[in-house]
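Visitor: I am sharing run_25.txt, which consists of compact mmCIF, C-alpha atoms:
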# COMPACT_ATOMS: atom_id res chain seq x y z
CA MET A 1 -5.81 -52.53 21.73
CA SER A 2 -5.13 -51.23 18.24
CA SER A 3 -8.19 -48.96 18.44
CA THR A 4 -6.76 -47.46 21.68
CA VAL A 5 -3.47 -46.79 19.92
CA THR A 6 -5.34 -45.16 17.05
CA ALA A 7 -7.42 -43.05 19.43
CA LYS A 8 -4.27 -41.88 21.21
CA ALA A 9 -2.62 -41.03 17.91
CA ASP A 10 -5.76 -39.17 16.82
CA GLY A 11 -5.70 -37.22 20.07
CA ARG A 12 -2.07 -36.22 19.53
CA LEU A 13 -2.78 -35.18 15.96
CA GLU A 14 -5.77 -33.15 17.10
CA ARG A 15 -3.78 -31.40 19.85
CA GLY A 16 -0.98 -30.74 17.36
CA HIS A 17 -3.46 -29.20 14.95
CA VAL A 18 -4.99 -26.99 17.65
CA LYS A 19 -1.56 -25.79 18.77
CA ARG A 20 -0.49 -25.09 15.19
CA GLN A 21 -3.63 -23.01 14.63
CA ALA A 22 -3.00 -21.06 17.84
CA ILE A 23 0.56 -20.26 16.74
CA LEU A 24 -0.66 -19.13 13.33
CA ARG A 25 -3.35 -16.86 14.77
CA GLN A 26 -0.70 -15.05 16.77
CA ALA A 27 1.65 -14.95 13.78
CA VAL A 28 -0.99 -13.45 11.46
CA ASP A 29 -2.01 -10.78 13.99
CA LEU A 30 1.60 -9.81 14.70
CA ALA A 31 2.55 -9.71 11.00
CA SER A 32 -0.42 -7.45 10.17
CA LEU A 33 0.99 -4.95 12.67
CA GLU A 34 4.73 -5.22 12.13
CA GLY A 35 5.38 -7.35 9.07
CA LEU A 36 6.49 -10.95 8.73
CA GLU A 37 10.09 -10.28 9.73
CA GLY A 38 8.83 -9.28 13.17
CA VAL A 39 7.35 -12.76 13.62
CA SER A 40 10.23 -14.76 15.09
CA ILE A 41 9.98 -18.26 16.48
CA GLY A 42 11.28 -16.98 19.85
CA ARG A 43 8.70 -14.22 20.05
CA LEU A 44 5.80 -16.53 19.23
CA ALA A 45 7.00 -19.09 21.77
CA ASN A 46 7.18 -16.35 24.38
CA ARG A 47 3.70 -15.03 23.61
CA LEU A 48 2.14 -18.48 23.71
CA GLY A 49 4.09 -19.68 26.73
CA ILE A 50 5.59 -22.65 24.89
CA SER A 51 9.18 -23.60 24.12
CA LYS A 52 10.95 -22.47 20.95
CA SER A 53 11.40 -26.11 20.01
CA GLY A 54 7.61 -26.48 20.27
CA VAL A 55 7.22 -23.86 17.53
CA VAL A 56 10.07 -25.29 15.44
CA LEU A 57 8.40 -28.72 15.64
CA HIS A 58 5.35 -27.34 13.83
CA PHE A 59 7.08 -25.25 11.16
CA GLY A 60 10.70 -26.28 10.83
CA SER A 61 12.13 -22.98 9.60
CA LYS A 62 11.31 -19.28 9.70
CA GLU A 63 10.45 -19.41 5.99
CA GLU A 64 8.00 -22.27 6.51
CA LEU A 65 6.43 -20.33 9.38
CA GLN A 66 6.12 -17.24 7.14
CA LEU A 67 4.54 -19.29 4.34
CA ALA A 68 2.07 -20.88 6.76
CA THR A 69 1.28 -17.41 8.14
CA VAL A 70 0.47 -16.09 4.65
CA ALA A 71 -1.73 -19.13 4.00
CA ALA A 72 -3.55 -18.68 7.32
CA ALA A 73 -4.14 -14.97 6.62
CA ALA A 74 -5.49 -15.83 3.16
CA GLN A 75 -7.85 -18.37 4.72
CA ARG A 76 -9.11 -15.79 7.25
CA PHE A 77 -9.67 -13.32 4.39
CA VAL A 78 -11.53 -15.87 2.25
CA THR A 79 -13.80 -16.84 5.14
CA ARG A 80 -14.63 -13.22 5.97
CA VAL A 81 -14.72 -11.55 2.54
CA CYS A 82 -15.08 -14.10 -0.24
CA ASP A 83 -17.36 -16.79 1.23
CA PRO A 84 -20.30 -14.43 1.97
CA ALA A 85 -19.95 -12.95 -1.53
CA MET A 86 -19.90 -16.42 -3.09
CA ARG A 87 -23.40 -17.00 -1.71
CA GLN A 88 -24.61 -14.08 -3.86
CA PRO A 89 -25.60 -14.57 -7.51
CA VAL A 90 -22.60 -14.55 -9.86
CA GLY A 91 -21.97 -11.18 -11.56
CA LEU A 92 -22.80 -7.69 -10.32
CA ALA A 93 -24.22 -8.77 -6.94
CA ARG A 94 -21.14 -10.84 -6.15
CA LEU A 95 -18.78 -8.10 -7.37
CA TRP A 96 -20.56 -5.60 -5.18
CA TRP A 97 -20.36 -7.86 -2.12
CA LEU A 98 -16.68 -8.57 -2.72
CA CYS A 99 -15.83 -4.86 -2.75
CA TRP A 100 -17.99 -4.13 0.30
CA GLY A 101 -16.58 -7.13 2.08
CA TRP A 102 -13.02 -5.89 1.51
CA ILE A 103 -13.82 -2.45 2.92
CA ASP A 104 -15.73 -4.01 5.79
CA TYR A 105 -12.76 -6.21 6.57
CA VAL A 106 -10.61 -3.12 7.05
CA ASP A 107 -13.40 -1.26 8.89
CA HIS A 108 -13.85 -4.08 11.41
CA ARG A 109 -10.18 -4.91 11.73
CA LEU A 110 -10.22 -8.55 10.82
CA PHE A 111 -6.46 -8.19 11.34
CA PRO A 112 -5.37 -5.84 14.16
CA GLY A 113 -2.93 -4.03 11.84
CA GLY A 114 -5.44 -3.52 9.00
CA CYS A 115 -4.96 -5.32 5.70
CA PHE A 116 -2.42 -8.09 6.34
CA PHE A 117 -1.53 -8.27 2.65
CA SER A 118 -0.86 -4.54 2.31
CA THR A 119 1.61 -4.69 5.18
CA VAL A 120 3.48 -7.80 4.09
CA GLY A 121 3.24 -6.93 0.37
CA ALA A 122 5.10 -3.68 1.00
CA GLU A 123 7.59 -5.54 3.18
CA PHE A 124 8.41 -8.28 0.67
CA HIS A 125 7.96 -6.66 -2.75
CA SER A 126 11.70 -6.35 -3.26
CA ARG A 127 12.68 -9.66 -1.61
CA PRO A 128 12.50 -12.42 -4.23
CA GLY A 129 11.59 -15.85 -2.92
CA ARG A 130 8.76 -18.16 -1.92
CA VAL A 131 7.24 -15.79 0.64
CA ARG A 132 7.02 -12.93 -1.83
CA ASP A 133 5.54 -15.31 -4.44
CA ALA A 134 2.89 -16.52 -1.98
CA ILE A 135 1.86 -12.94 -1.15
CA ALA A 136 1.67 -11.99 -4.84
CA ALA A 137 -0.32 -15.17 -5.62
CA ALA A 138 -2.88 -14.37 -2.90
CA HIS A 139 -3.43 -10.90 -4.39
CA LEU A 140 -3.71 -12.35 -7.91
CA ARG A 141 -6.41 -14.81 -6.79
CA TRP A 142 -8.38 -11.84 -5.44
CA MET A 143 -7.91 -9.91 -8.69
CA GLU A 144 -9.03 -12.90 -10.75
CA LEU A 145 -12.13 -13.21 -8.62
CA LEU A 146 -13.04 -9.56 -9.30
CA HIS A 147 -12.20 -9.97 -12.99
CA ARG A 148 -14.45 -13.03 -13.37
CA GLN A 149 -17.38 -11.22 -11.73
CA VAL A 150 -17.01 -8.27 -14.11
CA GLU A 151 -17.08 -10.67 -17.07
CA ALA A 152 -20.07 -12.51 -15.65
CA ALA A 153 -21.92 -9.24 -15.05
CA GLN A 154 -21.24 -8.24 -18.65
CA GLY A 155 -22.47 -11.64 -19.85
CA ALA A 156 -25.70 -11.08 -17.89
CA ALA A 157 -26.11 -7.55 -19.32
CA GLU A 158 -25.67 -6.02 -15.87
CA LEU A 159 -22.54 -4.04 -16.79
CA SER A 160 -21.65 -2.22 -19.99
CA SER A 161 -19.64 -4.34 -22.38
CA ASP A 162 -17.55 -1.26 -23.25
CA ILE A 163 -15.58 -1.78 -20.05
CA GLU A 164 -12.40 -3.86 -20.14
CA PRO A 165 -12.82 -6.30 -17.24
CA ALA A 166 -9.18 -6.15 -16.14
CA GLN A 167 -9.31 -2.35 -16.06
CA LEU A 168 -12.44 -2.21 -13.93
CA ALA A 169 -11.07 -4.88 -11.56
CA TYR A 170 -7.87 -2.82 -11.26
CA GLU A 171 -9.78 0.34 -10.38
CA LEU A 172 -12.09 -1.37 -7.88
CA ASP A 173 -9.13 -2.92 -6.11
CA ALA A 174 -7.44 0.52 -5.96
CA LEU A 175 -10.57 2.12 -4.49
CA VAL A 176 -11.16 -0.49 -1.81
CA ARG A 177 -7.55 -0.71 -0.65
CA GLN A 178 -7.31 3.06 -0.20
CA ALA A 179 -9.53 2.53 2.87
CA ASN A 180 -6.68 0.68 4.52
CA LEU A 181 -4.23 3.53 3.96
CA GLY A 182 -6.66 6.04 5.45
CA ARG A 183 -7.51 3.88 8.45
CA GLN A 184 -4.00 2.74 9.25
CA LEU A 185 -1.84 5.75 8.43
CA HIS A 186 -4.24 8.57 9.28
CA HIS A 187 -6.73 6.93 11.68
CA ASP A 188 -9.30 8.43 9.31
CA GLN A 189 -12.76 7.29 10.38
CA HIS A 190 -14.22 8.46 7.05
CA ALA A 191 -11.90 6.44 4.82
CA CYS A 192 -14.14 3.37 4.60
CA ALA A 193 -17.17 5.52 3.76
CA ARG A 194 -15.13 7.24 1.02
CA SER A 195 -14.13 3.88 -0.46
CA ARG A 196 -17.73 2.63 -0.37
CA ARG A 197 -18.92 5.77 -2.13
CA ALA A 198 -16.14 5.52 -4.72
CA VAL A 199 -17.00 1.88 -5.50
CA ARG A 200 -20.72 2.62 -5.70
CA ASP A 201 -20.15 5.58 -8.03
CA ARG A 202 -17.74 3.63 -10.24
CA LEU A 203 -20.09 0.67 -10.58
CA THR A 204 -23.11 2.92 -11.12
CA SER A 205 -21.26 4.66 -13.96
CA VAL A 206 -21.07 1.40 -15.92
CA ALA A 207 -24.08 -0.58 -14.61
CA LEU A 208 -27.02 -1.31 -16.91
CA VAL A 209 -29.25 -2.24 -13.96
CA ASP A 210 -29.73 -0.90 -10.45
CA LEU A 211 -27.07 -1.93 -7.98
CA PRO A 212 -28.21 -4.52 -5.45
CA ALA A 213 -29.01 -3.30 -1.92
CA GLU A 214 -26.02 -2.47 0.26
CA PRO A 215 -24.80 -5.61 1.94
CA SER A 216 -25.25 -5.92 5.69
CA LEU A 217 -22.19 -7.91 6.62
CA MET B 218 43.79 35.41 9.00
CA SER B 219 40.18 35.47 10.07
CA SER B 220 39.04 35.14 6.46
CA THR B 221 41.28 32.03 6.10
CA VAL B 222 39.67 30.55 9.22
CA THR B 223 36.24 31.29 7.81
CA ALA B 224 37.15 29.76 4.46
CA LYS B 225 38.42 26.61 6.20
CA ALA B 226 35.27 26.42 8.30
CA ASP B 227 33.13 26.91 5.18
CA GLY B 228 35.04 24.10 3.47
CA ARG B 229 34.42 21.76 6.39
CA LEU B 230 30.73 22.65 6.45
CA GLU B 231 30.48 22.07 2.70
CA ARG B 232 32.21 18.68 2.93
CA GLY B 233 29.96 17.78 5.85
CA HIS B 234 26.90 18.69 3.82
CA VAL B 235 28.05 16.65 0.82
CA LYS B 236 28.73 13.62 3.00
CA ARG B 237 25.36 13.95 4.75
CA GLN B 238 23.59 14.07 1.37
CA ALA B 239 25.50 10.99 0.18
CA ILE B 240 24.46 9.06 3.29
CA LEU B 241 20.83 10.10 2.83
CA ARG B 242 20.76 9.08 -0.83
CA GLN B 243 21.84 5.57 0.17
CA ALA B 244 19.40 5.53 3.07
CA VAL B 245 16.44 6.55 0.90
CA ASP B 246 17.26 3.97 -1.79
CA LEU B 247 17.70 1.18 0.76
CA ALA B 248 14.52 2.09 2.66
CA SER B 249 12.45 2.08 -0.55
CA LEU B 250 13.53 -1.54 -1.05
CA GLU B 251 13.51 -2.94 2.46
CA GLY B 252 11.93 -0.39 4.78
CA LEU B 253 13.47 2.02 7.26
CA GLU B 254 14.31 -0.66 9.81
CA GLY B 255 16.70 -2.16 7.29
CA VAL B 256 18.68 1.10 7.22
CA SER B 257 21.17 0.68 10.05
CA ILE B 258 24.06 3.00 10.79
CA GLY B 259 26.47 0.06 10.40
CA ARG B 260 25.07 -0.91 7.02
CA LEU B 261 25.25 2.61 5.65
CA ALA B 262 28.82 3.05 6.92
CA ASN B 263 29.75 -0.20 5.21
CA ARG B 264 28.14 0.77 1.89
CA LEU B 265 29.79 4.18 1.85
CA GLY B 266 33.17 2.99 3.12
CA ILE B 267 33.13 5.29 6.13
CA SER B 268 33.24 4.61 9.86
CA LYS B 269 30.09 4.09 11.92
CA SER B 270 31.08 7.09 14.02
CA GLY B 271 31.17 9.11 10.79
CA VAL B 272 27.47 8.32 10.25
CA VAL B 273 26.58 8.87 13.91
CA LEU B 274 28.28 12.28 13.76
CA HIS B 275 25.79 13.38 11.12
CA PHE B 276 22.60 11.97 12.61
CA GLY B 277 23.11 11.14 16.26
CA SER B 278 20.57 8.35 16.59
CA LYS B 279 18.78 5.81 14.41
CA GLU B 280 15.55 7.77 14.84
CA GLU B 281 17.17 11.00 13.66
CA LEU B 282 18.59 9.13 10.67
CA GLN B 283 15.12 7.73 9.87
CA LEU B 284 13.54 11.19 10.15
CA ALA B 285 16.22 12.70 7.90
CA THR B 286 15.65 9.84 5.43
CA VAL B 287 11.91 10.55 5.27
CA ALA B 288 12.63 14.26 4.73
CA ALA B 289 15.15 13.50 1.96
CA ALA B 290 12.69 11.17 0.21
CA ALA B 291 9.98 13.83 0.43
CA GLN B 292 12.36 16.35 -1.12
CA ARG B 293 13.21 13.96 -3.98
CA PHE B 294 9.46 13.41 -4.57
CA VAL B 295 8.69 17.15 -4.53
CA THR B 296 11.48 17.90 -7.02
CA ARG B 297 10.36 15.13 -9.38
CA VAL B 298 6.56 15.20 -9.08
CA CYS B 299 5.35 18.46 -7.55
CA ASP B 300 7.74 21.09 -8.93
CA PRO B 301 6.99 20.41 -12.64
CA ALA B 302 3.26 20.45 -11.86
CA MET B 303 3.57 23.74 -9.98
CA ARG B 304 4.76 25.34 -13.21
CA GLN B 305 1.38 24.50 -14.75
CA PRO B 306 -1.64 26.77 -14.31
CA VAL B 307 -3.44 26.22 -11.02
CA GLY B 308 -6.51 23.95 -11.25
CA LEU B 309 -7.20 21.13 -13.72
CA ALA B 310 -3.85 21.35 -15.55
CA ARG B 311 -1.90 21.16 -12.31
CA LEU B 312 -4.09 18.35 -10.95
CA TRP B 313 -3.56 16.39 -14.14
CA TRP B 314 0.22 16.88 -14.02
CA LEU B 315 0.37 15.88 -10.35
CA CYS B 316 -1.39 12.57 -11.07
CA TRP B 317 0.72 11.88 -14.14
CA GLY B 318 3.86 12.84 -12.28
CA TRP B 319 3.07 10.35 -9.51
CA ILE B 320 2.54 7.50 -11.96
CA ASP B 321 5.64 8.53 -13.89
CA TYR B 322 7.64 8.52 -10.68
CA VAL B 323 6.75 4.86 -10.18
CA ASP B 324 7.21 4.05 -13.87
CA HIS B 325 10.71 5.49 -13.92
CA ARG B 326 11.72 4.23 -10.50
CA LEU B 327 12.71 7.46 -8.83
CA PHE B 328 13.30 5.14 -5.87
CA PRO B 329 14.70 1.67 -6.69
CA GLY B 330 12.01 -0.03 -4.56
CA GLY B 331 9.09 1.89 -6.10
CA CYS B 332 7.14 4.34 -3.98
CA PHE B 333 9.24 5.06 -0.88
CA PHE B 334 6.19 6.20 1.08
CA SER B 335 4.15 3.07 0.31
CA THR B 336 6.93 0.87 1.66
CA VAL B 337 7.65 2.82 4.83
CA GLY B 338 3.98 3.71 5.40
CA ALA B 339 3.09 0.02 5.55
CA GLU B 340 6.11 -0.59 7.78
CA PHE B 341 5.32 2.14 10.33
CA HIS B 342 1.52 2.42 10.32
CA SER B 343 1.25 0.56 13.61
CA ARG B 344 4.37 2.03 15.26
CA PRO B 345 3.44 5.28 16.98
CA GLY B 346 6.17 7.90 17.14
CA ARG B 347 7.92 10.70 15.27
CA VAL B 348 8.85 8.59 12.24
CA ARG B 349 5.30 7.43 11.69
CA ASP B 350 4.06 11.02 12.12
CA ALA B 351 6.56 12.30 9.54
CA ILE B 352 5.46 9.67 6.99
CA ALA B 353 1.77 10.47 7.57
CA ALA B 354 2.46 14.22 7.31
CA ALA B 355 4.21 13.77 3.96
CA HIS B 356 1.19 11.91 2.58
CA LEU B 357 -1.19 14.55 3.97
CA ARG B 358 0.74 17.34 2.23
CA TRP B 359 0.30 15.47 -1.03
CA MET B 360 -3.42 14.98 -0.39
CA GLU B 361 -3.87 18.67 0.43
CA LEU B 362 -2.13 19.59 -2.79
CA LEU B 363 -4.57 17.44 -4.81
CA HIS B 364 -7.50 18.78 -2.80
CA ARG B 365 -6.56 22.43 -3.46
CA GLN B 366 -6.25 21.80 -7.20
CA VAL B 367 -9.72 20.23 -7.31
CA GLU B 368 -11.14 23.29 -5.55
CA ALA B 369 -9.26 25.65 -7.85
CA ALA B 370 -10.49 23.74 -10.92
CA GLN B 371 -14.05 24.02 -9.64
CA GLY B 372 -13.55 27.74 -9.01
CA ALA B 373 -12.39 28.11 -12.63
CA ALA B 374 -15.40 26.12 -13.94
CA GLU B 375 -13.08 23.36 -15.18
CA LEU B 376 -14.58 20.65 -12.95
CA SER B 377 -18.18 20.03 -11.93
CA SER B 378 -19.06 21.67 -8.62
CA ASP B 379 -21.13 18.57 -7.74
CA ILE B 380 -17.92 16.76 -6.79
CA GLU B 381 -16.72 16.90 -3.19
CA PRO B 382 -13.04 17.88 -3.49
CA ALA B 383 -11.84 15.56 -0.71
CA GLN B 384 -13.64 12.61 -2.33
CA LEU B 385 -12.11 13.19 -5.75
CA ALA B 386 -8.64 13.69 -4.25
CA TYR B 387 -9.11 10.42 -2.35
CA GLU B 388 -10.03 8.53 -5.51
CA LEU B 389 -7.23 10.01 -7.61
CA ASP B 390 -4.68 9.10 -4.96
CA ALA B 391 -6.07 5.54 -4.88
CA LEU B 392 -5.85 5.22 -8.67
CA VAL B 393 -2.28 6.51 -8.98
CA ARG B 394 -0.86 4.48 -6.11
CA GLN B 395 -2.28 1.24 -7.50
CA ALA B 396 0.46 1.55 -10.15
CA ASN B 397 3.04 0.96 -7.45
CA LEU B 398 1.39 -2.25 -6.26
CA GLY B 399 1.25 -3.60 -9.81
CA ARG B 400 4.84 -2.67 -10.61
CA GLN B 401 6.39 -3.80 -7.36
CA LEU B 402 4.40 -6.88 -6.38
CA HIS B 403 3.55 -8.25 -9.83
CA HIS B 404 6.22 -6.70 -12.09
CA ASP B 405 3.21 -5.71 -14.19
CA GLN B 406 4.40 -3.54 -17.08
CA HIS B 407 0.82 -2.46 -17.79
CA ALA B 408 0.06 -1.14 -14.31
CA CYS B 409 1.17 2.43 -15.02
CA ALA B 410 -0.87 2.55 -18.23
CA ARG B 411 -3.90 1.29 -16.30
CA SER B 412 -3.49 4.00 -13.68
CA ARG B 413 -3.12 6.70 -16.35
CA ARG B 414 -6.28 5.50 -18.06
CA ALA B 415 -8.17 5.36 -14.76
CA VAL B 416 -7.15 8.93 -13.86
CA ARG B 417 -8.01 10.23 -17.32
CA ASP B 418 -11.43 8.55 -17.27
CA ARG B 419 -12.20 9.76 -13.74
CA LEU B 420 -11.26 13.35 -14.54
CA THR B 421 -13.08 13.27 -17.88
CA SER B 422 -16.24 12.10 -16.09
CA VAL B 423 -16.35 15.34 -14.06
CA ALA B 424 -14.51 17.85 -16.30
CA LEU B 425 -16.41 20.74 -17.87
CA VAL B 426 -13.58 21.40 -20.35
CA ASP B 427 -11.21 19.22 -22.35
CA LEU B 428 -8.33 17.77 -20.38
CA PRO B 429 -4.96 19.36 -21.13
CA ALA B 430 -2.56 17.44 -23.37
CA GLU B 431 -0.81 14.47 -21.78
CA PRO B 432 2.29 15.69 -19.98
CA SER B 433 5.67 14.69 -21.39
CA LEU B 434 7.69 14.37 -18.22
Could the structure of this file be written out as structure tokens, please?
Guide:
Amino acid sequence: MSSTVTAKADGRLERGHVKRQAILRQAVDLASLEGLEGVSIGRLANRLGISKSGVVLHFGSKEELQLATVAAAAQRFVTRVCDPAMRQPVGLARLWWLCWGWIDYVDHRLFPGGCFFSTVGAEFHSRPGRVRDAIAAAHLRWMELLHRQVEAAQGAAELSSDIEPAQLAYELDALVRQANLGRQLHHDQHACARSRRAVRDRLTSVALVDLPAEPSL
Amino acid sequence: MSSTVTAKADGRLERGHVKRQAILRQAVDLASLEGLEGVSIGRLANRLGISKSGVVLHFGSKEELQLATVAAAAQRFVTRVCDPAMRQPVGLARLWWLCWGWIDYVDHRLFPGGCFFSTVGAEFHSRPGRVRDAIAAAHLRWMELLHRQVEAAQGAAELSSDIEPAQLAYELDALVRQANLGRQLHHDQHACARSRRAVRDRLTSVALVDLPAEPSL
């Protein structure tokens, strides 16, 4: 009897989890196109054919929904860009894969509106609060990841030690994210190739060893 | 008599122009912080202490107001960034001043929300229409300006002819606009210095002559 009750409760939890994930997928896709303010509980309910109260049940408030949307987008980014890079050796190879992965993520439209974080970062930069902080924190985690790989590559004598790690990480991030501007604002099919070339040239200019082969992602 | 009528009409036109400019200043500042969708006719009327119909009279529709806002922002940018550079010799000096001017424009908050075009570009990239086209066209004019200076600098044997002008313009634009991300999303006081250093290093890597002195803007 008690195992039946537990099984039923497990089933409810599982269905709740699946529904929550479905709502968040829609929310992330919509926000990448139009920003987080365009993601209303009513609109999501309408798109998914569920009641507004069904959405509220999962997230409580618009702010909680926005925070969960940022977290879900970050998870999608990590799975697509960071995880494959983390299987590469620490240092130059991983740095290289991270940059390529970022460009590839724009090239293959992991989010329908291009880089989710570029869209919502521009939307929230002047709106203090938890949502803005979550967006900024996601970008900082990415920057720290680049920074650590530069340091590791220097430690392994793969990159010149004359380079300040934070400066190189800053430049690489600038060069990869320009691909998003070109793709989204100008529908420029060459933007991703330009960013790849820029990253390759910048790394080559400070590398003490040959760059690894170009990733096939 | 007819000259009095003309003088009265001139006075009305002049007052109309002044009021239109006042509305647009508010609209540009607001949009740089919150995006163009946040700039409603009602909100502007409220801020300026005039009637909604007074705003409508000048712009007709929300779309016309948004288009006029983009044009006014572009004019403010040209006056602050492009005009001083255009007084420099064509080629490397002008290219250098354009990049510095862009970073300086973020550093000194020409718009209260940082780069107007970064905010509204991210807002409108997935919204086809005249407003999106106007934002994209403003960015293209800037890119063409950089591109022409690279070509001129190559023609004057100031920059290596191995460089593809469009590629270098792409990279320089990436490196300057990263300053806006750092300033706006992370309140990073070092972002502008990092962008200046990145631009200087990139230009030095392909310059055949010494870079001009650092502009004092």
Visitor: Could you give me, as JSON lines, a per-residue list for chain B showing, wherever an atom lies at most 7 Å from an atom of chain A, the closest pair of atoms and their distance in Å to one decimal, using all atoms listed in the file and sorting by chain then residue number from low to high?
Guide:
{"residue": "B:Leu250", "atom": "CA", "partner": "A:Ser126", "partner_atom": "CA", "distance": 5.6}
{"residue": "B:Glu251", "atom": "CA", "partner": "A:Glu123", "partner_atom": "CA", "distance": 6.5}
{"residue": "B:Gly252", "atom": "CA", "partner": "A:Glu123", "partner_atom": "CA", "distance": 6.9}
{"residue": "B:Gly330", "atom": "CA", "partner": "A:Ser126", "partner_atom": "CA", "distance": 6.5}
{"residue": "B:Ser335", "atom": "CA", "partner": "A:Ala122", "partner_atom": "CA", "distance": 6.9}
{"residue": "B:Thr336", "atom": "CA", "partner": "A:Ala122", "partner_atom": "CA", "distance": 4.9}
{"residue": "B:Gly338", "atom": "CA", "partner": "A:Leu185", "partner_atom": "CA", "distance": 6.9}
{"residue": "B:Ala339", "atom": "CA", "partner": "A:Thr119", "partner_atom": "CA", "distance": 5.0}
{"residue": "B:Glu340", "atom": "CA", "partner": "A:Glu34", "partner_atom": "CA", "distance": 6.5}
{"residue": "B:His342", "atom": "CA", "partner": "A:Leu185", "partner_atom": "CA", "distance": 5.1}
{"residue": "B:Ser343", "atom": "CA", "partner": "A:Leu33", "partner_atom": "CA", "distance": 5.6}
{"residue": "B:Ala353", "atom": "CA", "partner": "A:Leu185", "partner_atom": "CA", "distance": 6.0}
{"residue": "B:Gln384", "atom": "CA", "partner": "A:Arg194", "partner_atom": "CA", "distance": 6.5}
{"residue": "B:Glu388", "atom": "CA", "partner": "A:Leu175", "partner_atom": "CA", "distance": 6.5}
{"residue": "B:Ala391", "atom": "CA", "partner": "A:Ala174", "partner_atom": "CA", "distance": 5.3}
{"residue": "B:Leu392", "atom": "CA", "partner": "A:Ala174", "partner_atom": "CA", "distance": 5.7}
{"residue": "B:Gln395", "atom": "CA", "partner": "A:Ala174", "partner_atom": "CA", "distance": 5.4}
{"residue": "B:Gln401", "atom": "CA", "partner": "A:His125", "partner_atom": "CA", "distance": 5.6}
{"residue": "B:Leu402", "atom": "CA", "partner": "A:His125", "partner_atom": "CA", "distance": 5.1}
{"residue": "B:His403", "atom": "CA", "partner": "A:Ala136", "partner_atom": "CA", "distance": 6.5}
{"residue": "B:Arg411", "atom": "CA", "partner": "A:Gln167", "partner_atom": "CA", "distance": 6.5}
{"residue": "B:Ala415", "atom": "CA", "partner": "A:Glu171", "partner_atom": "CA", "distance": 6.9}
Visitor: Which residue, A:Leu65, A:Ala9, A:Arg196, A:Val150, has the smallest gap to Asp104 of chain A when you use all atoms listed in the file?
Guide: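 Residue with the minimum atom-to-atom distance to Asp104 of chain A: A:Arg196.
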Visitor: With a distance cut-off of 8 Å and all atoms listed in the file, select the neighbouring residues of Thr69 of chain A, excluding the residue or stretch itself and same-chain residues fewer than 5 positions from it, and output the selection as a ChimeraX atom specification.
Guide: /A:24,27-28
Visitor: Could you please take those selected residues and save C-alpha atoms as an mmCIF file, in the coordinates of the input?
Guide:
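To be explicit, this is the file written out as selection.cif:
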data_model
loop_
_atom_site.group_PDB
_atom_site.id
_atom_site.type_symbol
_atom_site.label_atom_id
_atom_site.label_comp_id
_atom_site.auth_asym_id
_atom_site.auth_seq_id
_atom_site.Cartn_x
_atom_site.Cartn_y
_atom_site.Cartn_z
ATOM 1 C CA LEU A 24 -0.660 -19.130 13.330
ATOM 2 C CA ALA A 27 1.650 -14.950 13.780
ATOM 3 C CA VAL A 28 -0.990 -13.450 11.460
#
Visitor: When you look at segment 17-21 of chain A with a cut-off of 10 Å (counting only C-alpha atoms), what residues show up, excluding the ones that are within fewer than 3 positions of it in the same chain? I need them as a short mmCIF file (atom, residue, chain, number, x, y, z; two decimals) with C-alpha atoms, in the coordinates of the input.
Guide:
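Final output, out.cif:
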data_model
loop_
_atom_site.label_atom_id
_atom_site.label_comp_id
_atom_site.auth_asym_id
_atom_site.auth_seq_id
_atom_site.Cartn_x
_atom_site.Cartn_y
_atom_site.Cartn_z
CA GLY A 11 -5.70 -37.22 20.07
CA ARG A 12 -2.07 -36.22 19.53
CA LEU A 13 -2.78 -35.18 15.96
CA GLU A 14 -5.77 -33.15 17.10
CA LEU A 24 -0.66 -19.13 13.33
CA ARG A 25 -3.35 -16.86 14.77
CA GLN A 26 -0.70 -15.05 16.77
CA ALA A 27 1.65 -14.95 13.78
CA LEU A 48 2.14 -18.48 23.71
CA ILE A 50 5.59 -22.65 24.89
CA GLY A 54 7.61 -26.48 20.27
CA VAL A 55 7.22 -23.86 17.53
CA LEU A 57 8.40 -28.72 15.64
CA HIS A 58 5.35 -27.34 13.83
CA PHE A 59 7.08 -25.25 11.16
CA ALA A 68 2.07 -20.88 6.76
CA THR A 69 1.28 -17.41 8.14
CA ALA A 72 -3.55 -18.68 7.32
#
Visitor: Between atom CA of Ala291 of chain B and atom CA of Trp319 of chain B, measure the distance and give it in Å to one decimal.
Guide: 12.6 Å
Visitor: Which polymer residues, protein or nucleic acid, are no farther than 10 Å from (-2.2, 15.5, -23.3), counting all atoms listed in the file, as a PyMOL selection string?
Guide: chain B and resi 310+313-314+417+427-433
Visitor: Quick check, in Å to one decimal: how far apart do atom CA of Ala424 of chain B and atom CA of Leu376 of chain B lie?
Guide: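 Interatomic distance, atom CA of Ala424 of chain B to atom CA of Leu376 of chain B: 4.4 Å.
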Visitor: Env of Thr296 of chain B: 12 Å cut, atoms = only C-alpha atoms, seq-sep filter 6 positions within chain, self excluded. Answer as JSON, numbers by chain.
Guide: {"B": [289, 290, 302, 303, 304, 315, 318, 319, 322, 327]}
Visitor: Between atom CA of Leu363 of chain B and atom CA of Ala386 of chain B, what distance in Å does the model show, to one decimal?
Guide: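 Computing it gives 5.6 Å between the two atoms.
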